[in-house]
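Text of the file coords27.pdb, holding PDB, C-alpha atoms, pLDDT in the B column:
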```
MODEL        1
ATOM      1  CA  VAL L  30     -76.891  51.747 -11.385  1.00 60.00           C
ATOM      2  CA  ASP L  31     -76.138  49.195 -14.093  1.00 78.00           C
ATOM      3  CA  GLU L  32     -76.514  51.110 -17.309  1.00 85.00           C
ATOM      4  CA  PRO L  33     -76.099  49.016 -20.445  1.00 86.00           C
ATOM      5  CA  ILE L  34     -73.495  50.072 -22.964  1.00 89.00           C
ATOM      6  CA  TYR L  35     -75.858  49.297 -25.846  1.00 92.00           C
ATOM      7  CA  GLU L  36     -79.466  48.279 -26.315  1.00 92.00           C
ATOM      8  CA  GLY L  37     -79.989  44.539 -25.931  1.00 92.00           C
ATOM      9  CA  GLN L  38     -76.766  44.055 -23.952  1.00 93.00           C
ATOM     10  CA  ALA L  39     -78.449  41.876 -21.313  1.00 92.00           C
ATOM     11  CA  LYS L  40     -79.745  39.463 -23.979  1.00 95.00           C
ATOM     12  CA  VAL L  41     -76.322  39.229 -25.624  1.00 95.00           C
ATOM     13  CA  GLN L  42     -74.700  38.532 -22.251  1.00 93.00           C
ATOM     14  CA  VAL L  43     -77.177  35.755 -21.480  1.00 95.00           C
ATOM     15  CA  VAL L  44     -76.661  34.156 -24.910  1.00 96.00           C
ATOM     16  CA  LEU L  45     -72.860  34.285 -24.519  1.00 93.00           C
ATOM     17  CA  LEU L  46     -73.120  32.768 -21.047  1.00 91.00           C
ATOM     18  CA  ILE L  47     -75.342  29.942 -22.343  1.00 94.00           C
ATOM     19  CA  ILE L  48     -72.860  29.287 -25.172  1.00 93.00           C
ATOM     20  CA  ALA L  49     -69.999  29.165 -22.647  1.00 88.00           C
ATOM     21  CA  PHE L  50     -71.842  26.662 -20.449  1.00 89.00           C
ATOM     22  CA  ALA L  51     -72.975  24.612 -23.465  1.00 91.00           C
ATOM     23  CA  SER L  52     -69.389  24.376 -24.722  1.00 89.00           C
ATOM     24  CA  VAL L  53     -68.281  22.389 -21.659  1.00 89.00           C
ATOM     25  CA  PRO L  54     -70.172  19.179 -22.605  1.00 90.00           C
ATOM     26  CA  ILE L  55     -68.991  19.630 -26.182  1.00 89.00           C
ATOM     27  CA  LEU L  56     -65.389  19.849 -24.957  1.00 86.00           C
ATOM     28  CA  LEU L  57     -65.961  16.797 -22.808  1.00 88.00           C
ATOM     29  CA  LEU L  58     -67.740  14.539 -25.304  1.00 88.00           C
ATOM     30  CA  ALA L  59     -66.736  15.582 -28.837  1.00 88.00           C
ATOM     31  CA  LYS L  60     -63.241  14.043 -29.004  1.00 85.00           C
ATOM     32  CA  PRO L  61     -64.187  10.635 -27.525  1.00 87.00           C
ATOM     33  CA  TYR L  62     -67.257  10.483 -29.775  1.00 87.00           C
ATOM     34  CA  LEU L  63     -65.298  11.354 -32.927  1.00 86.00           C
ATOM     35  CA  LEU L  64     -62.545   8.870 -32.083  1.00 82.00           C
ATOM     36  CA  SER L  65     -65.105   6.148 -31.445  1.00 81.00           C
ATOM     37  CA  GLN L  66     -66.762   6.887 -34.815  1.00 82.00           C
ATOM     38  CA  GLN L  67     -63.398   6.721 -36.604  1.00 80.00           C
ATOM     39  CA  SER L  68     -62.422   3.394 -35.056  1.00 75.00           C
ATOM     40  CA  HIS L  69     -65.931   1.886 -35.128  1.00 65.00           C
ATOM     41  CA  ALA L  70     -66.043  -0.834 -37.735  1.00 53.00           C
ATOM     42  CA  PRO L  71     -68.005  -4.084 -37.892  1.00 53.00           C
ATOM     43  CA  ILE L  72     -65.839  -6.803 -36.308  1.00 51.00           C
ATOM     44  CA  THR L  73     -66.369 -10.538 -36.748  1.00 53.00           C
ATOM     45  CA  HIS L  74     -64.295 -12.858 -34.603  1.00 48.00           C
ATOM     46  CA  ALA L  75     -63.678 -16.527 -35.134  1.00 48.00           C
ATOM     47  CA  ASP L  76     -61.915 -17.278 -31.863  1.00 49.00           C
ATOM     48  CA  GLU L  77     -61.945 -16.064 -28.261  1.00 49.00           C
ATOM     49  CA  GLY L  78     -58.515 -14.382 -28.506  1.00 48.00           C
ATOM     50  CA  HIS L  79     -60.033 -11.495 -30.456  1.00 48.00           C
ATOM     51  CA  GLU L  80     -62.553 -10.782 -27.710  1.00 47.00           C
ATOM     52  CA  GLU L  81     -59.695  -9.733 -25.428  1.00 45.00           C
ATOM     53  CA  GLU L  82     -58.471  -7.297 -28.103  1.00 47.00           C
ATOM     54  CA  GLU L  83     -61.970  -5.823 -28.369  1.00 47.00           C
ATOM     55  CA  HIS L  84     -62.050  -5.437 -24.578  1.00 46.00           C
ATOM     56  CA  GLY L  85     -58.663  -3.651 -24.839  1.00 45.00           C
ATOM     57  CA  GLU L  86     -60.170  -1.218 -27.345  1.00 47.00           C
ATOM     58  CA  GLU L  87     -62.991  -0.428 -24.904  1.00 50.00           C
ATOM     59  CA  HIS L  88     -60.394   0.179 -22.199  1.00 54.00           C
ATOM     60  CA  GLY L  89     -58.584   2.521 -24.616  1.00 77.00           C
ATOM     61  CA  PHE L  90     -61.842   4.398 -25.209  1.00 79.00           C
ATOM     62  CA  GLY L  91     -62.348   4.717 -21.448  1.00 83.00           C
ATOM     63  CA  GLU L  92     -58.862   6.160 -21.121  1.00 86.00           C
ATOM     64  CA  ILE L  93     -59.686   8.678 -23.845  1.00 86.00           C
ATOM     65  CA  VAL L  94     -62.852   9.733 -22.016  1.00 87.00           C
ATOM     66  CA  ILE L  95     -60.984  10.101 -18.707  1.00 89.00           C
ATOM     67  CA  HIS L  96     -58.154  12.029 -20.377  1.00 88.00           C
ATOM     68  CA  GLN L  97     -60.656  14.319 -22.091  1.00 90.00           C
ATOM     69  CA  ALA L  98     -62.470  14.885 -18.780  1.00 91.00           C
ATOM     70  CA  ILE L  99     -59.179  15.928 -17.173  1.00 90.00           C
ATOM     71  CA  GLU L 100     -58.384  18.276 -20.077  1.00 88.00           C
ATOM     72  CA  THR L 101     -61.881  19.787 -19.901  1.00 89.00           C
ATOM     73  CA  ILE L 102     -61.567  20.413 -16.168  1.00 90.00           C
ATOM     74  CA  GLU L 103     -58.126  21.970 -16.684  1.00 85.00           C
ATOM     75  CA  PHE L 104     -59.484  24.183 -19.459  1.00 85.00           C
ATOM     76  CA  VAL L 105     -62.451  25.403 -17.399  1.00 88.00           C
ATOM     77  CA  LEU L 106     -60.251  26.080 -14.367  1.00 87.00           C
ATOM     78  CA  GLY L 107     -57.766  27.904 -16.601  1.00 81.00           C
ATOM     79  CA  MET L 108     -60.563  30.058 -18.021  1.00 83.00           C
ATOM     80  CA  VAL L 109     -61.744  30.983 -14.529  1.00 86.00           C
ATOM     81  CA  SER L 110     -58.162  31.675 -13.446  1.00 81.00           C
ATOM     82  CA  ASN L 111     -57.490  33.907 -16.471  1.00 77.00           C
ATOM     83  CA  THR L 112     -60.709  35.828 -15.873  1.00 83.00           C
ATOM     84  CA  ALA L 113     -59.822  36.327 -12.211  1.00 84.00           C
ATOM     85  CA  SER L 114     -56.358  37.565 -13.179  1.00 77.00           C
ATOM     86  CA  TYR L 115     -57.752  40.175 -15.541  1.00 79.00           C
ATOM     87  CA  LEU L 116     -60.286  41.192 -12.896  1.00 85.00           C
ATOM     88  CA  ARG L 117     -57.382  41.738 -10.490  1.00 82.00           C
ATOM     89  CA  LEU L 118     -55.803  44.144 -12.985  1.00 77.00           C
ATOM     90  CA  TRP L 119     -59.127  45.955 -13.357  1.00 83.00           C
ATOM     91  CA  ALA L 120     -59.406  46.218  -9.557  1.00 85.00           C
ATOM     92  CA  LEU L 121     -55.885  47.654  -9.432  1.00 80.00           C
ATOM     93  CA  SER L 122     -56.819  50.352 -11.924  1.00 79.00           C
ATOM     94  CA  LEU L 123     -59.903  51.216  -9.844  1.00 85.00           C
ATOM     95  CA  ALA L 124     -57.800  51.383  -6.687  1.00 84.00           C
ATOM     96  CA  HIS L 125     -55.291  53.597  -8.515  1.00 82.00           C
ATOM     97  CA  SER L 126     -58.087  56.001  -9.462  1.00 83.00           C
ATOM     98  CA  GLU L 127     -59.480  56.098  -5.927  1.00 88.00           C
ATOM     99  CA  LEU L 128     -56.042  56.664  -4.406  1.00 86.00           C
ATOM    100  CA  ALA L 129     -55.426  59.566  -6.782  1.00 86.00           C
ATOM    101  CA  THR L 130     -58.750  61.117  -5.746  1.00 90.00           C
ATOM    102  CA  VAL L 131     -58.009  60.697  -2.024  1.00 90.00           C
ATOM    103  CA  PHE L 132     -54.496  62.148  -2.364  1.00 88.00           C
ATOM    104  CA  TRP L 133     -55.837  65.116  -4.350  1.00 90.00           C
ATOM    105  CA  GLU L 134     -58.615  65.844  -1.856  1.00 90.00           C
ATOM    106  CA  LYS L 135     -56.533  65.390   1.309  1.00 88.00           C
ATOM    107  CA  ALA L 136     -53.245  66.950   0.203  1.00 87.00           C
ATOM    108  CA  MET L 137     -54.293  69.677  -2.244  1.00 88.00           C
ATOM    109  CA  LEU L 138     -57.944  70.643  -1.841  1.00 89.00           C
ATOM    110  CA  SER L 139     -57.731  70.835   1.938  1.00 87.00           C
ATOM    111  CA  THR L 140     -54.799  73.297   1.728  1.00 89.00           C
ATOM    112  CA  LEU L 141     -55.954  75.539  -1.131  1.00 87.00           C
ATOM    113  CA  ASN L 142     -58.296  77.607   1.042  1.00 86.00           C
ATOM    114  CA  LEU L 143     -55.772  78.192   3.854  1.00 89.00           C
ATOM    115  CA  ASN L 144     -52.899  80.258   2.432  1.00 90.00           C
ATOM    116  CA  TRP L 145     -50.228  80.132  -0.261  1.00 90.00           C
ATOM    117  CA  PHE L 146     -47.635  78.427   1.978  1.00 93.00           C
ATOM    118  CA  ALA L 147     -50.055  75.681   3.013  1.00 91.00           C
ATOM    119  CA  ALA L 148     -50.948  75.184  -0.656  1.00 91.00           C
ATOM    120  CA  PHE L 149     -47.222  74.976  -1.483  1.00 92.00           C
ATOM    121  CA  ILE L 150     -46.666  72.349   1.227  1.00 92.00           C
ATOM    122  CA  GLY L 151     -49.871  70.556   0.154  1.00 90.00           C
ATOM    123  CA  PHE L 152     -48.602  70.397  -3.423  1.00 92.00           C
ATOM    124  CA  GLY L 153     -45.277  68.998  -2.214  1.00 92.00           C
ATOM    125  CA  VAL L 154     -47.059  66.307  -0.219  1.00 91.00           C
ATOM    126  CA  PHE L 155     -49.384  65.551  -3.146  1.00 91.00           C
ATOM    127  CA  ALA L 156     -46.488  65.360  -5.626  1.00 91.00           C
ATOM    128  CA  GLY L 157     -44.398  63.163  -3.309  1.00 91.00           C
ATOM    129  CA  VAL L 158     -47.222  60.774  -2.506  1.00 89.00           C
ATOM    130  CA  THR L 159     -48.326  60.621  -6.139  1.00 87.00           C
ATOM    131  CA  LEU L 160     -44.801  59.858  -7.297  1.00 88.00           C
ATOM    132  CA  GLY L 161     -44.091  57.364  -4.536  1.00 86.00           C
ATOM    133  CA  VAL L 162     -47.349  55.469  -4.338  1.00 82.00           C
ATOM    134  CA  LEU L 163     -49.199  55.901  -7.593  1.00 79.00           C
ATOM    135  CA  LEU L 164     -46.365  56.129 -10.074  1.00 81.00           C
ATOM    136  CA  MET L 165     -43.893  53.730  -8.519  1.00 85.00           C
ATOM    137  CA  MET L 166     -45.665  51.166  -6.364  1.00 82.00           C
ATOM    138  CA  ASP L 167     -48.829  50.827  -8.439  1.00 76.00           C
ATOM    139  CA  VAL L 168     -46.945  50.666 -11.719  1.00 80.00           C
ATOM    140  CA  LEU L 169     -44.669  47.988 -10.266  1.00 85.00           C
ATOM    141  CA  GLU L 170     -47.681  46.073  -8.965  1.00 81.00           C
ATOM    142  CA  CYS L 171     -49.469  46.284 -12.327  1.00 76.00           C
ATOM    143  CA  PHE L 172     -46.275  45.233 -14.105  1.00 85.00           C
ATOM    144  CA  LEU L 173     -45.922  42.174 -11.871  1.00 84.00           C
ATOM    145  CA  HIS L 174     -49.552  41.192 -12.399  1.00 79.00           C
ATOM    146  CA  ALA L 175     -49.203  41.639 -16.170  1.00 78.00           C
ATOM    147  CA  LEU L 176     -45.986  39.618 -16.133  1.00 84.00           C
ATOM    148  CA  ARG L 177     -47.794  36.871 -14.219  1.00 80.00           C
ATOM    149  CA  LEU L 178     -50.604  36.922 -16.769  1.00 75.00           C
ATOM    150  CA  HIS L 179     -48.211  36.613 -19.675  1.00 77.00           C
ATOM    151  CA  TRP L 180     -45.963  34.013 -18.100  1.00 79.00           C
ATOM    152  CA  VAL L 181     -48.332  31.785 -16.150  1.00 73.00           C
ATOM    153  CA  GLU L 182     -51.705  32.176 -17.814  1.00 68.00           C
ATOM    154  CA  PHE L 183     -50.540  32.532 -21.420  1.00 71.00           C
ATOM    155  CA  GLN L 184     -47.695  30.015 -21.338  1.00 72.00           C
ATOM    156  CA  ASN L 185     -49.881  27.299 -19.834  1.00 69.00           C
ATOM    157  CA  LYS L 186     -51.584  27.080 -23.218  1.00 69.00           C
ATOM    158  CA  PHE L 187     -48.355  25.790 -24.793  1.00 69.00           C
ATOM    159  CA  TYR L 188     -46.528  23.838 -22.097  1.00 69.00           C
ATOM    160  CA  LYS L 189     -47.406  20.192 -21.628  1.00 69.00           C
ATOM    161  CA  ALA L 190     -45.458  18.074 -19.183  1.00 71.00           C
ATOM    162  CA  ASP L 191     -45.234  15.176 -21.600  1.00 75.00           C
ATOM    163  CA  GLY L 192     -41.781  13.948 -20.616  1.00 78.00           C
ATOM    164  CA  VAL L 193     -39.802  15.580 -23.433  1.00 78.00           C
ATOM    165  CA  ARG L 194     -36.682  17.253 -22.073  1.00 80.00           C
ATOM    166  CA  PHE L 195     -36.427  20.952 -22.886  1.00 75.00           C
ATOM    167  CA  ALA L 196     -33.615  21.806 -25.283  1.00 79.00           C
ATOM    168  CA  PRO L 197     -33.107  25.539 -25.827  1.00 84.00           C
ATOM    169  CA  TYR L 198     -32.366  26.725 -29.332  1.00 88.00           C
ATOM    170  CA  SER L 199     -28.652  26.821 -30.101  1.00 90.00           C
ATOM    171  CA  PHE L 200     -27.103  28.436 -33.145  1.00 93.00           C
ATOM    172  CA  ARG L 201     -23.992  26.270 -32.724  1.00 91.00           C
ATOM    173  CA  GLN L 202     -26.083  23.108 -32.754  1.00 89.00           C
ATOM    174  CA  ALA L 203     -28.058  24.308 -35.777  1.00 90.00           C
ATOM    175  CA  ILE L 204     -24.815  24.998 -37.683  1.00 92.00           C
ATOM    176  CA  LYS L 205     -23.421  21.577 -36.704  1.00 91.00           C
ATOM    177  CA  ASP L 206     -26.653  19.890 -37.810  1.00 90.00           C
ATOM    178  CA  SER L 207     -26.652  21.720 -41.155  1.00 91.00           C
ATOM    179  CA  GLN L 208     -22.997  20.796 -41.865  1.00 91.00           C
ATOM    180  CA  SER L 209     -23.439  17.105 -41.217  1.00 79.00           C
TER     181      SER L 209
ENDMDL
END
```
Can I see the file as C-alpha coordinates?
Amino acid sequence: VDEPIYEGQAKVQVVLLIIAFASVPILLLAKPYLLSQQSHAPITHADEGHEEEEHGEEHGFGEIVIHQAIETIEFVLGMVSNTASYLRLWALSLAHSELATVFWEKAMLSTLNLNWFAAFIGFGVFAGVTLGVLLMMDVLECFLHALRLHWVEFQNKFYKADGVRFAPYSFRQAIKDSQS
(Lines of atoms letter the chains of each structure in order from A and count residues from 1; the text may use other names and numbers.)
(Lines give C-alpha, C1' and ligand atoms only; values in the text may rest on other atoms or scores of the structure.)
Protein backbone atom coordinates (compact mmCIF):
# COMPACT_ATOMS: atom_id res chain seq x y z
CA VAL A 1 0.00 0.00 0.00
CA ASP A 2 1.40 3.39 -0.97
CA GLU A 3 1.05 5.47 2.15
CA PRO A 4 2.10 9.09 1.75
CA ILE A 5 4.74 10.45 4.08
CA TYR A 6 2.82 13.72 4.47
CA GLU A 7 -0.52 15.15 3.44
CA GLY A 8 -0.49 16.52 -0.10
CA GLN A 9 2.56 14.47 -1.12
CA ALA A 10 0.99 13.34 -4.41
CA LYS A 11 0.35 16.96 -5.46
CA VAL A 12 3.91 17.98 -4.60
CA GLN A 13 5.28 15.04 -6.59
CA VAL A 14 3.20 15.96 -9.64
CA VAL A 15 4.30 19.61 -9.45
CA LEU A 16 7.98 18.61 -9.15
CA LEU A 17 7.61 16.23 -12.10
CA ILE A 18 6.00 18.96 -14.23
CA ILE A 19 8.82 21.36 -13.29
CA ALA A 20 11.40 18.73 -14.27
CA PHE A 21 9.76 18.16 -17.66
CA ALA A 22 9.27 21.90 -18.22
CA SER A 23 12.95 22.55 -17.52
CA VAL A 24 14.05 20.53 -20.56
CA PRO A 25 12.78 23.06 -23.16
CA ILE A 26 14.22 25.85 -21.03
CA LEU A 27 17.61 24.10 -21.05
CA LEU A 28 17.31 23.62 -24.78
CA LEU A 29 16.16 27.09 -25.82
CA ALA A 30 17.33 29.61 -23.20
CA LYS A 31 21.02 29.88 -24.16
CA PRO A 32 20.48 30.20 -27.94
CA TYR A 33 17.71 32.75 -27.35
CA LEU A 34 19.81 34.85 -24.96
CA LEU A 35 22.82 34.75 -27.29
CA SER A 36 20.66 35.77 -30.23
CA GLN A 37 19.25 38.70 -28.21
CA GLN A 38 22.76 39.83 -27.23
CA SER A 39 24.08 39.75 -30.78
CA HIS A 40 20.88 41.02 -32.42
CA ALA A 41 21.45 44.54 -33.66
CA PRO A 42 20.04 46.40 -36.66
CA ILE A 43 22.44 45.84 -39.58
CA THR A 44 22.54 47.94 -42.75
CA HIS A 45 24.73 46.72 -45.58
CA ALA A 46 25.96 48.69 -48.53
CA ASP A 47 27.49 45.84 -50.51
CA GLU A 48 26.91 42.13 -51.07
CA GLY A 49 30.04 41.07 -49.14
CA HIS A 50 28.30 41.78 -45.84
CA GLU A 51 25.44 39.43 -46.69
CA GLU A 52 27.86 36.50 -46.52
CA GLU A 53 28.94 37.62 -43.04
CA GLU A 54 25.30 37.76 -41.94
CA HIS A 55 24.79 34.25 -43.32
CA GLY A 56 27.87 33.17 -41.30
CA GLU A 57 26.25 34.57 -38.15
CA GLU A 58 23.12 32.51 -38.82
CA HIS A 59 25.31 29.43 -39.26
CA GLY A 60 26.96 30.27 -35.92
CA PHE A 61 23.53 30.49 -34.30
CA GLY A 62 22.61 27.10 -35.76
CA GLU A 63 25.78 25.63 -34.30
CA ILE A 64 24.84 27.08 -30.91
CA VAL A 65 21.39 25.50 -31.11
CA ILE A 66 22.84 22.11 -32.10
CA HIS A 67 25.49 22.30 -29.37
CA GLN A 68 22.84 23.22 -26.80
CA ALA A 69 20.64 20.33 -27.97
CA ILE A 70 23.55 17.93 -27.46
CA GLU A 71 24.26 19.36 -23.99
CA THR A 72 20.57 19.09 -23.06
CA ILE A 73 20.41 15.46 -24.16
CA GLU A 74 23.60 14.70 -22.22
CA PHE A 75 22.20 16.41 -19.13
CA VAL A 76 18.89 14.52 -19.26
CA LEU A 77 20.64 11.19 -19.83
CA GLY A 78 23.02 11.98 -16.96
CA MET A 79 20.08 12.75 -14.68
CA VAL A 80 18.43 9.44 -15.55
CA SER A 81 21.74 7.61 -15.09
CA ASN A 82 22.35 9.21 -11.67
CA THR A 83 18.83 8.35 -10.55
CA ALA A 84 19.26 4.75 -11.68
CA SER A 85 22.57 4.52 -9.81
CA TYR A 86 21.02 5.70 -6.56
CA LEU A 87 18.11 3.31 -7.10
CA ARG A 88 20.64 0.48 -7.43
CA LEU A 89 22.07 1.40 -4.01
CA TRP A 90 18.56 1.46 -2.56
CA ALA A 91 17.87 -1.97 -4.07
CA LEU A 92 21.09 -3.27 -2.52
CA SER A 93 20.00 -2.09 0.91
CA LEU A 94 16.63 -3.82 0.44
CA ALA A 95 18.36 -7.02 -0.64
CA HIS A 96 20.66 -6.76 2.39
CA SER A 97 17.63 -6.53 4.69
CA GLU A 98 15.90 -9.48 3.04
CA LEU A 99 19.04 -11.62 3.18
CA ALA A 100 19.43 -10.88 6.89
CA THR A 101 15.81 -11.94 7.48
CA VAL A 102 16.24 -15.18 5.49
CA PHE A 103 19.50 -16.06 7.27
CA TRP A 104 17.92 -15.38 10.67
CA GLU A 105 14.83 -17.47 9.92
CA LYS A 106 16.63 -20.41 8.28
CA ALA A 107 19.73 -20.63 10.48
CA MET A 108 18.52 -19.48 13.91
CA LEU A 109 14.74 -19.68 14.23
CA SER A 110 14.54 -23.15 12.71
CA THR A 111 17.06 -24.50 15.27
CA LEU A 112 15.86 -22.76 18.44
CA ASN A 113 13.02 -25.21 19.07
CA LEU A 114 15.14 -28.36 18.56
CA ASN A 115 17.78 -28.45 21.30
CA TRP A 116 20.69 -26.43 22.66
CA PHE A 117 23.28 -28.08 20.39
CA ALA A 118 21.23 -27.42 17.25
CA ALA A 119 20.79 -23.81 18.39
CA PHE A 120 24.57 -23.58 18.93
CA ILE A 121 25.25 -24.92 15.43
CA GLY A 122 22.49 -22.69 14.02
CA PHE A 123 24.11 -19.65 15.62
CA GLY A 124 27.48 -20.63 14.15
CA VAL A 125 25.95 -20.95 10.69
CA PHE A 126 24.07 -17.66 11.12
CA ALA A 127 27.19 -15.83 12.35
CA GLY A 128 29.36 -17.26 9.55
CA VAL A 129 26.88 -16.49 6.80
CA THR A 130 26.18 -13.03 8.21
CA LEU A 131 29.87 -12.22 8.39
CA GLY A 132 30.69 -13.70 4.99
CA VAL A 133 27.76 -12.53 2.92
CA LEU A 134 26.20 -9.54 4.60
CA LEU A 135 29.19 -7.89 6.19
CA MET A 136 31.84 -8.62 3.59
CA MET A 137 30.29 -9.13 0.18
CA ASP A 138 27.43 -6.64 0.52
CA VAL A 139 29.63 -3.96 2.04
CA LEU A 140 32.14 -4.45 -0.78
CA GLU A 141 29.35 -4.29 -3.35
CA CYS A 142 27.89 -1.12 -1.81
CA PHE A 143 31.37 0.41 -1.64
CA LEU A 144 31.98 -0.29 -5.33
CA HIS A 145 28.61 1.18 -6.30
CA ALA A 146 29.26 4.27 -4.17
CA LEU A 147 32.73 4.61 -5.67
CA ARG A 148 31.19 4.39 -9.14
CA LEU A 149 28.67 7.08 -8.21
CA HIS A 150 31.36 9.41 -6.94
CA TRP A 151 33.82 8.79 -9.75
CA VAL A 152 31.65 8.40 -12.83
CA GLU A 153 28.43 10.24 -12.05
CA PHE A 154 29.88 13.10 -9.99
CA GLN A 155 33.06 13.67 -11.99
CA ASN A 156 31.19 13.87 -15.29
CA LYS A 157 29.88 17.23 -14.11
CA PHE A 158 33.41 18.68 -14.24
CA TYR A 159 35.24 16.85 -17.01
CA LYS A 160 34.90 18.16 -20.54
CA ALA A 161 36.91 16.61 -23.34
CA ASP A 162 37.82 19.98 -24.80
CA GLY A 163 41.30 19.09 -26.00
CA VAL A 164 43.27 20.57 -23.09
CA ARG A 165 45.94 18.14 -21.93
CA PHE A 166 45.70 17.21 -18.26
CA ALA A 167 48.57 18.52 -16.15
CA PRO A 168 48.54 17.29 -12.54
CA TYR A 169 49.43 19.77 -9.83
CA SER A 170 53.14 19.82 -9.05
CA PHE A 171 54.71 21.57 -6.09
CA ARG A 172 58.06 21.65 -7.91
CA GLN A 173 56.50 23.38 -10.90
CA ALA A 174 54.68 25.85 -8.65
CA ILE A 175 57.94 26.73 -6.87
CA LYS A 176 59.75 27.13 -10.21
CA ASP A 177 56.94 29.35 -11.52
CA SER A 178 56.99 31.52 -8.38
CA GLN A 179 60.80 31.98 -8.53
CA SER A 180 60.87 33.08 -12.14
Q: Could you expand the PyMOL selection byres ((chain L and resi 110-124) around 9) into the explicit residues it covers here, written as a PyMOL selection string?
A: chain L and resi 105-109+125-129+167+170-171+174-175+177-178+182-183
(Q) Using all atoms listed in the file, which protein or nucleic acid residues come within 10 Å of Val158 of chain L? Drop anything in the same chain fewer than 4 positions from it, and give the result as a list in words. (A)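 These residues fall inside the cut-off: Leu128, Ala129, Phe132, Trp133, Ala136, Phe152, Gly153, Val154, Val162, Leu163, Leu164 and Met165 of chain L.
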Q) Quick one, how far is atom CA of Leu58 of chain L from atom CA of Val193 of chain L? A) 28.0 Å
Let me have the centre and edge lengths of the axis-aligned box enclosing all listed atoms of segment 133-136 of chain L with 5 Å padding on every side, in Å to one decimal, as lines of an AutoDock Vina configuration file.
```
center_x = -55.9
center_y = 66.0
center_z = -1.5
size_x = 15.4
size_y = 11.8
size_z = 15.7
```
Q. Near Val53 of chain L, counting all atoms listed in the file, which residues have an atom at most 12 Å away, once you skip same-chain residues fewer than 2 positions from it, shown as number ranges by chain?
A. L: 46-51, 55-59, 97-98, 100-106, 108
Those residues with C-alpha atoms, as a PDB file, in the frame of the given file please?
```pdb
ATOM      1  CA  LEU L  46     -73.120  32.768 -21.047  1.00 91.00           C
ATOM      2  CA  ILE L  47     -75.342  29.942 -22.343  1.00 94.00           C
ATOM      3  CA  ILE L  48     -72.860  29.287 -25.172  1.00 93.00           C
ATOM      4  CA  ALA L  49     -69.999  29.165 -22.647  1.00 88.00           C
ATOM      5  CA  PHE L  50     -71.842  26.662 -20.449  1.00 89.00           C
ATOM      6  CA  ALA L  51     -72.975  24.612 -23.465  1.00 91.00           C
ATOM      7  CA  ILE L  55     -68.991  19.630 -26.182  1.00 89.00           C
ATOM      8  CA  LEU L  56     -65.389  19.849 -24.957  1.00 86.00           C
ATOM      9  CA  LEU L  57     -65.961  16.797 -22.808  1.00 88.00           C
ATOM     10  CA  LEU L  58     -67.740  14.539 -25.304  1.00 88.00           C
ATOM     11  CA  ALA L  59     -66.736  15.582 -28.837  1.00 88.00           C
ATOM     12  CA  GLN L  97     -60.656  14.319 -22.091  1.00 90.00           C
ATOM     13  CA  ALA L  98     -62.470  14.885 -18.780  1.00 91.00           C
ATOM     14  CA  GLU L 100     -58.384  18.276 -20.077  1.00 88.00           C
ATOM     15  CA  THR L 101     -61.881  19.787 -19.901  1.00 89.00           C
ATOM     16  CA  ILE L 102     -61.567  20.413 -16.168  1.00 90.00           C
ATOM     17  CA  GLU L 103     -58.126  21.970 -16.684  1.00 85.00           C
ATOM     18  CA  PHE L 104     -59.484  24.183 -19.459  1.00 85.00           C
ATOM     19  CA  VAL L 105     -62.451  25.403 -17.399  1.00 88.00           C
ATOM     20  CA  LEU L 106     -60.251  26.080 -14.367  1.00 87.00           C
ATOM     21  CA  MET L 108     -60.563  30.058 -18.021  1.00 83.00           C
TER      22      MET L 108
END
```
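Computed from the coordinates, the atom CA of Gln202 of chain L to atom CA of Ala190 of chain L distance equals 24.2 Å.
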So that I can see what lies close to Leu138 of chain L, please list as an mmCIF file with C-alpha atoms, in the coordinates of the input the residues with an atom at most 12 Å from it, counting all atoms listed in the file and leaving out residues fewer than 6 positions away in the same chain.
```cif
data_model
loop_
_atom_site.group_PDB
_atom_site.id
_atom_site.type_symbol
_atom_site.label_atom_id
_atom_site.label_comp_id
_atom_site.auth_asym_id
_atom_site.auth_seq_id
_atom_site.Cartn_x
_atom_site.Cartn_y
_atom_site.Cartn_z
ATOM 1 C CA THR L 130 -58.750 61.117 -5.746
ATOM 2 C CA VAL L 131 -58.009 60.697 -2.024
ATOM 3 C CA PHE L 132 -54.496 62.148 -2.364
ATOM 4 C CA ASN L 144 -52.899 80.258 2.432
ATOM 5 C CA ALA L 147 -50.055 75.681 3.013
ATOM 6 C CA ALA L 148 -50.948 75.184 -0.656
ATOM 7 C CA PHE L 149 -47.222 74.976 -1.483
ATOM 8 C CA ILE L 150 -46.666 72.349 1.227
ATOM 9 C CA GLY L 151 -49.871 70.556 0.154
ATOM 10 C CA PHE L 152 -48.602 70.397 -3.423
ATOM 11 C CA VAL L 154 -47.059 66.307 -0.219
ATOM 12 C CA PHE L 155 -49.384 65.551 -3.146
#
```
Excluding Phe90 of chain L and its own-chain neighbours fewer than 5 positions away, which residues fall within 9 Å of it when counting only C-alpha atoms? Please give them as a PDB file with C-alpha atoms, in the coordinates of the input.
```pdb
ATOM      1  CA  PRO L  61     -64.187  10.635 -27.525  1.00 87.00           C
ATOM      2  CA  LEU L  64     -62.545   8.870 -32.083  1.00 82.00           C
ATOM      3  CA  SER L  65     -65.105   6.148 -31.445  1.00 81.00           C
ATOM      4  CA  GLY L  85     -58.663  -3.651 -24.839  1.00 45.00           C
ATOM      5  CA  ILE L  95     -60.984  10.101 -18.707  1.00 89.00           C
TER       6      ILE L  95
END
```
Q: Between atom CA of Leu63 of chain L and atom CA of Ile93 of chain L, measure the distance and give it in Å to one decimal.
A: 11.0 Å
